[in-house]
Amino acid sequence: MNLSREAIVEALQNLLGTENVVTDELILKESSIDRFRMFEGIHGVYTQPIPAAVAMAQSTEQVGDVLRFANEHGVNVVPRTGRTATEGGLETAVADSVVLDGSGMNRILSIDAYNMQATCQCGVPLQVLEDRLREQGLTTGHSPQSKPLAHMGGLVATRSIGQFSTLYGGIEDMVVGLEAVFPDGTVTRIKNVPRRAVGPDIRHVVIGNEGTLCYITEVTVKLFPYLPENNVFLGYTVTDMKTGFEVLREVMVNGYRPSVARLYDPADGAYHFSHFLPESLSILIFVAEGPAGVAAATAAGIEAIVTAHAECRKVESRYISTWFADLNWGPEKIAKEREDILQTGNINRTTEVSGDWGAINDIYENALRRIIAEIPDITMAGGHSSHSYINGTNMYFNYFYNVVDCGPEGEVSKYHTPINRIICEETLRFGGAIVHHHGLGKARTPWAKDEYGSSFHILETLKGAFDPNGIMNKGTIIPA
Amino acid sequence: MNALKILVCFKVTPDFEALREADWVAGAAVPPGAAGPAGVAAGVETRYVPRVFNCFDESALETALRLYEAAPGPGAGPEGASAAAAECVTAAGGGTAPARDAPGGDAAGVALAALSIGGPEADPFLKTLQALGYRPTIRVRADANLDFAPDVVASIIEGCVRRVAHSDLLLLGCRSGPGDSGTVPFLAAERLGWPCLTQVTEVERAGADRVRVAYVADDGPARVTVRLPCVLAVGNAVVSRLRVPTLSARLAQRGARIEEVDAADLGVDVAAGLERRTCVLTGLEAIDRRRQGIVIGGGSPREKARALFDRHLRERIERL
């Protein structure tokens, strides 16, 4: 890069107007991190290079203008929308980066109830879209915990998944078309069709690129009827995780598609369900939804499978429906979490991976055993499976620790990264994927080559082709 | 010199934040003297939401731990408490937890005890307190719903102070969940014959038999030094979150016993007390907390700021 910080700001102001270029020092500091370094942020300690500016793009053209400028001058760009990233993907790893913010591109462009698809700009909050859809009896079927805060562009960029994924799929199953801008300013649109066989599915070059190849400016997603009145909530205690995984597998293999299929271990279960879950037991949770007959048949099929296992005992349905109604994270919970962390020094972290049915229990047991044995100051370590498939499931490790004997800047290196290392090592050892739905970010990029193996060639070639000057979100997905 | 014996009373309450709006319905109100079904809080169905420490009691529990830490020398607390407490203290950069050699003067050590009233649902919370160094942890068995029965609760606390914990300082939250009368601290103090300070925000030792207390009086914040024994009802304290014990601290206390006590052993006739209860829940009415919002239009932030000033602020400022 051959431009000074001041020159970058001046150029951005010329492109976007002064009012769309943020240079407030505190905002820049806060924009240098995401939730991966929230412990630092909560304490007002910022260790990452501070960006030159936050550029608030208002249109696809402005996104193109900024990217073209950055590409010409070798300025690192960190794309973002709703800022709910958890894995360091929004960290500005390079001095004087530009954070390219699309949250102002927040128009719902169309809701097509006949063709069952909706098109919106990247900065539309999922909650806003869902609220509009539900007024019409529709839903995207996408419901991540971050729904109140996350925006559509970021959800697609990180290959997000929602709580109802076992029925509706991940975001990659929902996106039918999109618009994206590449570093040289090229605007590409992938049209909206039910399916195509016209060569490789190039949507997947864009979906999950985490801002390392292009900037997603518009997405079109599928719609589904919203029929919550038919939902059936089921819960069962189970004596051990291995049996729980077996039950999940049987449900999937026998062709049932509940929207929710979850298995919590005793530690994670106690965190959510201590008001009814006996200590030392795990818990299985299912939600069957859809048209009344489908929901009822799904629930009946699951019931038959689970009750064939003597290790399982049914719990009252209302425990599950009440819990589910309070699961999402909005601003209030974020604010409470911040105060909790400040006062107690105790912080909750998660790492999500996946594995096939033959591997998942080994990944779970070995990683958890090592975390408890090797990491100091752990106050809770457990996990749950929350997204199942015909050939396997995910494991969402959920853990808390007290940050002691180090400053805020030491939290990641003392605790979080060593825990990630354990989980990645054990997942790779048993053939799983080191990230299930949060994205690699910068947190787990050190293990990207081990994850990809020989297929890393494809990723590297894509990066070289679309971002030859390496200006897109340096340090994310591709090790720096 | 004897240790300062602190008894902290806490209530395990439903997490009302997790209660759905539709669940705020007064069911069949619990008649005076009748034992309510387990988990039914005076007619509102709360069985389906998690349990939490009552937030004011949580402040009291953490306040007591900090008094313990501030005591000089090898604490007079129960064996193992120091290590357990030390292990789970101290946020990096949090900066509010005092060091062990912080104020305390010539005060003796501190011993911590915790008391809750109710069924086994309180046990996980008592185990957490064991891992933090509380000893003894006491649960007074009560199958009856004691909501709207502050006399009964206060008499149980009095009995526990006199017969089990032999405390010098009683710490508890100034009130518990919705519908609470907020009178338990006063009634307990009256029964014990001890002075009572409410809306307490901070406590520190001020010698062997005194504590310095910050509290919020009717006319604003105040500080006083109080001779022990006394009752302190904690309000919106500076410290509002209880620290979290490590897994290893929990494991170290795995065999520790919770002392279960019957109210009758404390000289309290619960049934007779409930017979005298005069307050019952007869209905609930939602408070409308909606706020009016106005979206200010305009192309640029400058235009929006101008519209905000012209339409909504100018007149108010001129009136000042």
# chains A, B, ... in the order shown; residues from 1 in each chain; ligands from 1
>>> residues_around(residues="stretch 163-177 of chain A", least_positions_apart="6", cutoff="10 Å", atoms="only C-alpha atoms", output="MDAnalysis selection string")
chainID A and resid 117:119 140:145 152 155:157 189:195 202:204 207:208 218:224 252 256:262 287:290 324 327:328 386:390 393 437
>>> write_last_selection(atoms="N, CA and C atoms", output="compact mmCIF listing (two decimals), in the first residue's frame")
# COMPACT_ATOMS: atom_id res chain seq x y z
N GLN A 117 -40.16 -16.56 -3.11
CA GLN A 117 -38.80 -16.08 -2.91
C GLN A 117 -38.82 -14.60 -2.57
N ALA A 118 -37.85 -14.17 -1.81
CA ALA A 118 -37.74 -12.76 -1.41
C ALA A 118 -36.35 -12.27 -1.74
N THR A 119 -36.28 -11.03 -2.20
CA THR A 119 -34.99 -10.43 -2.55
C THR A 119 -34.76 -9.22 -1.66
N THR A 140 -38.58 -17.40 6.06
CA THR A 140 -37.40 -17.89 5.34
C THR A 140 -37.00 -19.27 5.83
N GLY A 141 -37.46 -19.65 7.01
CA GLY A 141 -37.01 -20.89 7.64
C GLY A 141 -35.64 -20.75 8.27
N HIS A 142 -35.08 -19.54 8.20
CA HIS A 142 -33.73 -19.32 8.76
C HIS A 142 -33.86 -18.63 10.10
N SER A 143 -33.31 -19.24 11.14
CA SER A 143 -33.48 -18.66 12.47
C SER A 143 -32.26 -18.91 13.34
N PRO A 144 -31.14 -18.26 13.01
CA PRO A 144 -29.97 -18.38 13.89
C PRO A 144 -30.23 -17.60 15.19
N GLN A 145 -29.47 -17.91 16.22
CA GLN A 145 -29.65 -17.20 17.49
C GLN A 145 -29.43 -15.70 17.32
N MET A 152 -28.65 -9.92 6.23
CA MET A 152 -28.68 -10.97 5.21
C MET A 152 -27.33 -11.18 4.52
N LEU A 155 -24.98 -13.12 6.78
CA LEU A 155 -25.44 -14.50 6.96
C LEU A 155 -25.02 -15.38 5.79
N VAL A 156 -25.13 -14.81 4.58
CA VAL A 156 -24.74 -15.58 3.39
C VAL A 156 -23.22 -15.70 3.32
N ALA A 157 -22.53 -14.62 3.68
CA ALA A 157 -21.06 -14.61 3.57
C ALA A 157 -20.40 -15.61 4.51
N ARG A 189 -24.24 -10.92 -11.15
CA ARG A 189 -25.54 -11.33 -10.63
C ARG A 189 -25.79 -12.78 -11.03
N ILE A 190 -26.19 -13.57 -10.09
CA ILE A 190 -26.58 -14.96 -10.37
C ILE A 190 -28.10 -14.98 -10.28
N LYS A 191 -28.75 -15.34 -11.40
CA LYS A 191 -30.21 -15.20 -11.45
C LYS A 191 -30.92 -16.23 -10.57
N ASN A 192 -32.20 -15.94 -10.34
CA ASN A 192 -32.99 -16.75 -9.41
C ASN A 192 -33.77 -17.82 -10.16
N VAL A 193 -33.34 -19.04 -10.05
CA VAL A 193 -34.06 -20.15 -10.70
C VAL A 193 -34.15 -21.31 -9.70
N PRO A 194 -35.10 -22.24 -9.94
CA PRO A 194 -35.27 -23.35 -8.98
C PRO A 194 -34.04 -24.26 -8.92
N ARG A 195 -33.45 -24.52 -10.07
CA ARG A 195 -32.24 -25.34 -10.12
C ARG A 195 -31.59 -25.11 -11.48
N ILE A 202 -21.97 -21.89 -9.22
CA ILE A 202 -21.09 -20.79 -8.83
C ILE A 202 -21.62 -19.97 -7.65
N ARG A 203 -22.84 -20.25 -7.22
CA ARG A 203 -23.30 -19.60 -5.98
C ARG A 203 -22.33 -19.89 -4.84
N HIS A 204 -21.76 -21.08 -4.90
CA HIS A 204 -20.93 -21.51 -3.77
C HIS A 204 -19.52 -20.94 -3.80
N ILE A 207 -21.14 -17.85 -1.59
CA ILE A 207 -21.68 -18.20 -0.26
C ILE A 207 -20.55 -18.73 0.61
N GLY A 208 -20.36 -18.10 1.75
CA GLY A 208 -19.30 -18.56 2.65
C GLY A 208 -17.93 -18.02 2.34
N GLU A 218 -26.65 -8.24 -2.53
CA GLU A 218 -28.09 -8.55 -2.64
C GLU A 218 -28.26 -10.06 -2.63
N VAL A 219 -29.30 -10.53 -1.98
CA VAL A 219 -29.55 -11.97 -1.97
C VAL A 219 -31.04 -12.24 -2.17
N THR A 220 -31.30 -13.38 -2.80
CA THR A 220 -32.68 -13.86 -2.94
C THR A 220 -32.75 -15.22 -2.26
N VAL A 221 -33.72 -15.35 -1.36
CA VAL A 221 -33.86 -16.60 -0.61
C VAL A 221 -35.24 -17.21 -0.82
N LYS A 222 -35.32 -18.50 -0.60
CA LYS A 222 -36.60 -19.20 -0.71
C LYS A 222 -37.54 -18.81 0.45
N LEU A 223 -38.81 -18.99 0.22
CA LEU A 223 -39.80 -18.78 1.28
C LEU A 223 -40.59 -20.06 1.52
N PHE A 224 -41.14 -20.14 2.71
CA PHE A 224 -41.94 -21.31 3.10
C PHE A 224 -43.18 -20.81 3.86
N MET A 252 -32.90 -39.45 11.65
CA MET A 252 -32.51 -38.95 10.32
C MET A 252 -32.52 -40.06 9.28
N TYR A 256 -37.14 -38.94 8.86
CA TYR A 256 -37.90 -37.87 9.51
C TYR A 256 -37.12 -36.58 9.45
N ARG A 257 -37.81 -35.49 9.26
CA ARG A 257 -37.15 -34.19 9.17
C ARG A 257 -37.80 -33.20 10.13
N PRO A 258 -37.52 -33.36 11.41
CA PRO A 258 -37.98 -32.33 12.35
C PRO A 258 -37.23 -31.04 12.04
N SER A 259 -37.79 -29.91 12.38
CA SER A 259 -37.05 -28.65 12.15
C SER A 259 -35.91 -28.53 13.16
N VAL A 260 -36.15 -29.04 14.36
CA VAL A 260 -35.13 -29.01 15.40
C VAL A 260 -34.85 -30.43 15.87
N ALA A 261 -33.59 -30.78 15.92
CA ALA A 261 -33.18 -32.08 16.49
C ALA A 261 -31.91 -31.81 17.27
N ARG A 262 -32.01 -31.84 18.57
CA ARG A 262 -30.87 -31.44 19.41
C ARG A 262 -30.59 -32.48 20.48
N VAL A 287 -38.43 -30.53 17.42
CA VAL A 287 -39.62 -29.78 17.04
C VAL A 287 -40.05 -30.28 15.67
N ALA A 288 -41.29 -30.72 15.59
CA ALA A 288 -41.86 -31.14 14.30
C ALA A 288 -42.73 -30.01 13.80
N GLU A 289 -42.56 -29.63 12.57
CA GLU A 289 -43.40 -28.55 12.04
C GLU A 289 -43.78 -28.80 10.59
N GLY A 290 -44.59 -27.89 10.05
CA GLY A 290 -45.07 -28.03 8.68
C GLY A 290 -46.59 -28.13 8.68
N PHE A 324 -37.65 -22.67 24.12
CA PHE A 324 -37.39 -22.27 22.74
C PHE A 324 -37.80 -20.81 22.49
N LEU A 327 -34.81 -18.25 23.26
CA LEU A 327 -33.48 -18.71 22.86
C LEU A 327 -32.67 -17.65 22.12
N ASN A 328 -33.32 -16.76 21.42
CA ASN A 328 -32.56 -15.83 20.57
C ASN A 328 -31.87 -14.74 21.37
N SER A 386 -26.84 -29.78 17.34
CA SER A 386 -28.04 -29.00 17.03
C SER A 386 -28.41 -29.01 15.55
N HIS A 387 -27.63 -29.67 14.71
CA HIS A 387 -27.93 -29.70 13.28
C HIS A 387 -27.56 -31.08 12.76
N SER A 388 -28.57 -31.85 12.36
CA SER A 388 -28.29 -33.23 11.95
C SER A 388 -28.58 -33.44 10.48
N TYR A 389 -27.91 -34.44 9.91
CA TYR A 389 -27.99 -34.76 8.48
C TYR A 389 -28.07 -36.27 8.36
N ILE A 390 -28.27 -36.73 7.13
CA ILE A 390 -28.38 -38.17 6.93
C ILE A 390 -27.08 -38.88 7.31
N THR A 393 -23.70 -35.26 12.11
CA THR A 393 -24.27 -34.15 12.86
C THR A 393 -23.16 -33.20 13.28
N HIS A 437 -20.64 -23.81 11.32
CA HIS A 437 -21.49 -22.72 10.81
C HIS A 437 -21.09 -21.31 11.23
>>> residues_around(residues="A:Phe273", least_positions_apart="3", cutoff="9 Å", atoms="only C-alpha atoms", output="list of chain:residue names")
A:Asp268, A:Gly269, A:Ala270, A:Phe276, A:Leu277, A:Pro278, A:Ile283, A:Tyr319, A:Trp323, B:Val49, B:Pro50
>>> write_last_selection(atoms="N, CA and C atoms", output="mmCIF file, in the first residue's frame")
data_model
loop_
_atom_site.group_PDB
_atom_site.id
_atom_site.type_symbol
_atom_site.label_atom_id
_atom_site.label_comp_id
_atom_site.auth_asym_id
_atom_site.auth_seq_id
_atom_site.Cartn_x
_atom_site.Cartn_y
_atom_site.Cartn_z
ATOM 1 N N ASP A 268 -24.037 -28.912 29.479
ATOM 2 C CA ASP A 268 -24.740 -27.903 28.703
ATOM 3 C C ASP A 268 -26.243 -27.950 29.013
ATOM 4 N N GLY A 269 -26.748 -29.158 29.234
ATOM 5 C CA GLY A 269 -28.154 -29.318 29.588
ATOM 6 C C GLY A 269 -28.472 -28.629 30.903
ATOM 7 N N ALA A 270 -27.563 -28.762 31.875
ATOM 8 C CA ALA A 270 -27.797 -28.118 33.175
ATOM 9 C C ALA A 270 -27.823 -26.609 33.026
ATOM 10 N N PHE A 276 -35.580 -28.803 35.341
ATOM 11 C CA PHE A 276 -36.292 -30.087 35.250
ATOM 12 C C PHE A 276 -35.382 -31.255 34.886
ATOM 13 N N LEU A 277 -34.169 -30.989 34.426
ATOM 14 C CA LEU A 277 -33.287 -32.070 33.975
ATOM 15 C C LEU A 277 -32.457 -32.596 35.140
ATOM 16 N N PRO A 278 -32.615 -33.883 35.486
ATOM 17 C CA PRO A 278 -31.800 -34.428 36.581
ATOM 18 C C PRO A 278 -30.316 -34.362 36.239
ATOM 19 N N ILE A 283 -30.165 -34.590 27.303
ATOM 20 C CA ILE A 283 -31.549 -34.377 26.867
ATOM 21 C C ILE A 283 -31.627 -34.252 25.348
ATOM 22 N N TYR A 319 -41.992 -27.568 28.727
ATOM 23 C CA TYR A 319 -40.630 -27.177 29.089
ATOM 24 C C TYR A 319 -39.852 -26.773 27.831
ATOM 25 N N TRP A 323 -38.692 -22.904 26.682
ATOM 26 C CA TRP A 323 -37.252 -22.667 26.487
ATOM 27 C C TRP A 323 -36.982 -22.105 25.097
ATOM 28 N N VAL B 49 -39.839 -22.327 33.534
ATOM 29 C CA VAL B 49 -38.672 -21.473 33.277
ATOM 30 C C VAL B 49 -37.567 -21.813 34.268
ATOM 31 N N PRO B 50 -36.319 -21.549 33.906
ATOM 32 C CA PRO B 50 -35.202 -21.887 34.786
ATOM 33 C C PRO B 50 -35.239 -21.100 36.092
#
>>> interface_residues(of="chain A", to="chain B", cutoff="7 Å", atoms="only C-alpha atoms", output="JSON, numbers by chain")
{"A": [19, 43, 273, 274, 275, 318, 319, 322, 326, 340, 342, 343, 344, 345, 346, 377, 378, 379, 380, 402, 403, 404, 405, 406, 407, 408]}
>>> select_by_dssp(residues="stretch 4-60 of chain A", states="helix (DSSP H, G or I)", output="short mmCIF file (atom, residue, chain, number, x, y, z; two decimals) with N, CA and C atoms, in the first residue's frame")
data_model
loop_
_atom_site.label_atom_id
_atom_site.label_comp_id
_atom_site.auth_asym_id
_atom_site.auth_seq_id
_atom_site.Cartn_x
_atom_site.Cartn_y
_atom_site.Cartn_z
N ARG A 5 -2.88 7.15 5.66
CA ARG A 5 -4.22 7.05 6.28
C ARG A 5 -5.11 8.22 5.84
N GLU A 6 -4.53 9.40 5.85
CA GLU A 6 -5.29 10.60 5.48
C GLU A 6 -5.73 10.53 4.02
N ALA A 7 -4.86 10.02 3.17
CA ALA A 7 -5.20 9.93 1.75
C ALA A 7 -6.33 8.93 1.52
N ILE A 8 -6.31 7.85 2.30
CA ILE A 8 -7.39 6.85 2.17
C ILE A 8 -8.73 7.48 2.56
N VAL A 9 -8.72 8.19 3.68
CA VAL A 9 -9.96 8.83 4.15
C VAL A 9 -10.46 9.84 3.12
N GLU A 10 -9.55 10.63 2.60
CA GLU A 10 -9.94 11.65 1.62
C GLU A 10 -10.53 11.01 0.37
N ALA A 11 -9.91 9.94 -0.08
CA ALA A 11 -10.42 9.26 -1.28
C ALA A 11 -11.81 8.68 -1.02
N LEU A 12 -12.00 8.10 0.16
CA LEU A 12 -13.32 7.54 0.50
C LEU A 12 -14.38 8.64 0.57
N GLN A 13 -13.99 9.77 1.13
CA GLN A 13 -14.95 10.89 1.22
C GLN A 13 -15.34 11.37 -0.16
N ASN A 14 -14.40 11.36 -1.06
CA ASN A 14 -14.72 11.75 -2.44
C ASN A 14 -15.66 10.76 -3.10
N LEU A 15 -15.49 9.48 -2.75
CA LEU A 15 -16.32 8.44 -3.38
C LEU A 15 -17.72 8.37 -2.77
N LEU A 16 -17.80 8.49 -1.44
CA LEU A 16 -19.07 8.23 -0.74
C LEU A 16 -19.71 9.47 -0.15
N THR A 18 -18.70 12.84 2.61
CA THR A 18 -18.12 12.91 3.96
C THR A 18 -18.99 12.21 5.00
N GLU A 19 -20.31 12.34 4.82
CA GLU A 19 -21.21 11.79 5.84
C GLU A 19 -21.20 10.27 5.88
N ASN A 20 -20.66 9.63 4.87
CA ASN A 20 -20.63 8.16 4.84
C ASN A 20 -19.26 7.59 5.15
N GLU A 25 -12.64 7.95 16.57
CA GLU A 25 -11.62 7.04 17.07
C GLU A 25 -12.22 5.82 17.78
N LEU A 26 -13.22 6.06 18.61
CA LEU A 26 -13.81 4.94 19.34
C LEU A 26 -14.50 3.95 18.39
N ILE A 27 -15.21 4.51 17.42
CA ILE A 27 -15.88 3.62 16.45
C ILE A 27 -14.85 2.83 15.65
N LEU A 28 -13.76 3.47 15.30
CA LEU A 28 -12.70 2.75 14.57
C LEU A 28 -12.13 1.62 15.42
N LYS A 29 -11.91 1.91 16.70
CA LYS A 29 -11.38 0.86 17.58
C LYS A 29 -12.37 -0.30 17.68
N GLU A 30 -13.63 0.04 17.89
CA GLU A 30 -14.65 -1.01 17.99
C GLU A 30 -14.78 -1.79 16.68
N ARG A 35 -16.88 -10.30 17.87
CA ARG A 35 -17.11 -10.95 19.17
C ARG A 35 -15.97 -11.89 19.58
N PHE A 36 -15.10 -12.25 18.63
CA PHE A 36 -13.98 -13.11 19.02
C PHE A 36 -13.11 -12.42 20.07
N ARG A 37 -12.92 -11.13 19.94
CA ARG A 37 -12.12 -10.40 20.93
C ARG A 37 -13.00 -9.50 21.79
N MET A 38 -14.21 -9.98 22.10
CA MET A 38 -15.13 -9.13 22.86
C MET A 38 -14.61 -8.87 24.27
N PHE A 39 -13.81 -9.79 24.82
CA PHE A 39 -13.28 -9.56 26.17
C PHE A 39 -12.38 -8.33 26.17
N GLU A 40 -11.57 -8.20 25.12
CA GLU A 40 -10.74 -7.01 24.98
C GLU A 40 -11.63 -5.77 24.83
N GLY A 41 -12.61 -5.88 23.95
CA GLY A 41 -13.46 -4.73 23.66
C GLY A 41 -14.23 -4.26 24.89
N ILE A 42 -14.74 -5.21 25.67
CA ILE A 42 -15.51 -4.87 26.86
C ILE A 42 -14.65 -4.08 27.85
N THR A 60 -24.81 -0.60 -4.51
CA THR A 60 -23.87 -1.53 -5.15
C THR A 60 -22.77 -0.76 -5.86
#
>>> residues_around(residues="stretch 97-110 of chain A", least_positions_apart="5", cutoff="8 Å", atoms="only C-alpha atoms", output="count of residues only")
33
>>> residues_around(residues="A:Glu229", least_positions_apart="2", cutoff="10 Å", atoms="only C-alpha atoms", output="ChimeraX atom specification")
/A:226-227,231-232,289-292
>>> closest_residue(among="A:Gly441, A:Val181, A:Lys449, A:Pro225", to="A:Val206", atoms="only C-alpha atoms")
A:Val181
>>> atom_distance(atom1="atom CA of A:Ala373", atom2="atom CA of A:Pro418")
12.1 Å
>>> atom_distance(atom1="atom CA of A:Pro479", atom2="atom CA of A:Ile375")
25.4 Å
>>> residues_around(residues="stretch 421-433 of chain A", least_positions_apart="4", cutoff="10 Å", atoms="only C-alpha atoms", output="VMD selection string")
chain A and resid 351 to 356 358 to 371 374 to 375 392 to 395 397 416 to 417 443 to 444 446 to 448 450 to 452
>>> closest_residue(among="A:Lys147, A:Glu337, A:Asn391, A:Lys314", to="A:Gly255", atoms="only C-alpha atoms")
A:Asn391
>>> select_by_dssp(residues="stretch 28-134 of chain A", states="strand (DSSP E or B)", output="list in words")
Ala53, Val54, Ala55, Met56, Val77, Val78, Pro79, Arg80, Val98, Val99, Leu100, Asp101, Ile108, Leu109, Ser110, Ile111, Asp112, Gln117, Ala118, Thr119, Cys120, Gln121 and Pro125 of chain A
>>> residues_around(residues="B:Arg223", least_positions_apart="5", cutoff="8 Å", atoms="only C-alpha atoms", output="VMD selection string")
chain B and resid 212 to 215
>>> write_last_selection(atoms="C-alpha atoms", output="mmCIF file, in the first residue's frame")
data_model
loop_
_atom_site.group_PDB
_atom_site.id
_atom_site.type_symbol
_atom_site.label_atom_id
_atom_site.label_comp_id
_atom_site.auth_asym_id
_atom_site.auth_seq_id
_atom_site.Cartn_x
_atom_site.Cartn_y
_atom_site.Cartn_z
ATOM 1 C CA ARG B 212 -18.991 0.605 57.298
ATOM 2 C CA VAL B 213 -22.054 0.635 55.107
ATOM 3 C CA ALA B 214 -22.961 2.663 52.032
ATOM 4 C CA TYR B 215 -26.671 2.828 51.384
#
>>> residues_around(residues="B:Ala286", least_positions_apart="5", cutoff="10 Å", atoms="only C-alpha atoms", output="mmCIF file with N, CA and C atoms, in the first residue's frame")
data_model
loop_
_atom_site.group_PDB
_atom_site.id
_atom_site.type_symbol
_atom_site.label_atom_id
_atom_site.label_comp_id
_atom_site.auth_asym_id
_atom_site.auth_seq_id
_atom_site.Cartn_x
_atom_site.Cartn_y
_atom_site.Cartn_z
ATOM 1 N N GLU B 21 -44.945 -13.824 27.726
ATOM 2 C CA GLU B 21 -45.977 -12.851 28.097
ATOM 3 C C GLU B 21 -47.311 -13.554 28.363
ATOM 4 N N TRP B 24 -48.132 -14.859 31.904
ATOM 5 C CA TRP B 24 -48.425 -13.981 33.037
ATOM 6 C C TRP B 24 -49.926 -13.956 33.294
ATOM 7 N N VAL B 25 -50.396 -15.078 33.801
ATOM 8 C CA VAL B 25 -51.821 -15.218 34.073
ATOM 9 C C VAL B 25 -51.966 -15.683 35.508
#
